[in-house]
Amino acid sequence: MTRIAKSDSSVGNECKLEQLLAQTQHMHDLATDGEWEKVSALEHKRKNLMNTCFSSEATFDDPQIAAHYVQEIIGLNKKVITMGVEARESLGNALGDFQRGRQATQAYQKVGS
């Protein structure tokens, strides 16, 4: 995560964007560790802050800093989404393997009866 030095006057919505970026980075770290329930819980908490940051009333003292934060947030979101899709596919494959194994066990038991 890139940190941009802020002037003392760059408070308010830039600060909220920095908080949003920190939460997004934390979600990414949790996703990397496979902590999907925690990712989901943090996403729900993050929505309020996101709505505040991107409301029609939001203004930014330094649009370049704001744009940088937004780009980092989008990049991290894409990574979390990609990891989520991969985890879901992996879980689906594991469940399919489990079902096939269970069916084979049941068929074996029927033949052995």
# chains A, B, ... in the order shown; residues from 1 in each chain; ligands from 1
>>> select_by_dssp(residues="chain A", states="helix (DSSP H, G or I)", output="MDAnalysis selection string")
chainID A and resid 13:32 36:53 63:112
>>> residues_around(residues="Glu86 in chain A", least_positions_apart="6", cutoff="12 Å", atoms="only C-alpha atoms", output="PyMOL selection string")
chain A and resi 31-32+34+79-80+92-93
>>> atom_distance(atom1="CA of Glu43 in chain A", atom2="CA of Cys15 in chain A")
18.6 Å
>>> closest_residue(among="A:Gly96, A:Gln103, A:Ala87, A:Cys53", to="Leu21 in chain A", atoms="only C-alpha atoms")
A:Cys53
>>> residues_around(residues="range 62-75 of chain A", least_positions_apart="3", cutoff="7 Å", atoms="only C-alpha atoms", output="short mmCIF file (atom, residue, chain, number, x, y, z; two decimals) with C-alpha atoms, in the first residue's frame")
data_model
loop_
_atom_site.label_atom_id
_atom_site.label_comp_id
_atom_site.auth_asym_id
_atom_site.auth_seq_id
_atom_site.Cartn_x
_atom_site.Cartn_y
_atom_site.Cartn_z
CA SER A 10 -5.95 17.66 3.63
CA GLU A 14 -9.19 12.33 2.10
CA LEU A 17 -10.58 7.59 1.85
CA GLU A 18 -7.40 6.68 3.70
CA LEU A 21 -8.09 2.11 1.83
CA THR A 24 -9.72 -2.58 1.96
CA LYS A 78 -10.28 -6.60 -7.88
CA LYS A 79 -7.72 -8.82 -6.16
#
>>> atom_distance(atom1="CA of Met83 in chain A", atom2="CA of Met27 in chain A")
11.2 Å
>>> residues_around(residues="Phe54 in chain A", least_positions_apart="2", cutoff="12 Å", atoms="only C-alpha atoms", output="PyMOL selection string")
chain A and resi 13-14+16-17+20+47-52+56-60+66-67+70
>>> atom_distance(atom1="CA of His26 in chain A", atom2="CA of Asp61 in chain A")
25.5 Å
>>> closest_residue(among="A:Ser90, A:Arg46, A:Thr82, A:Trp36", to="Gln19 in chain A", atoms="only C-alpha atoms")
A:Arg46
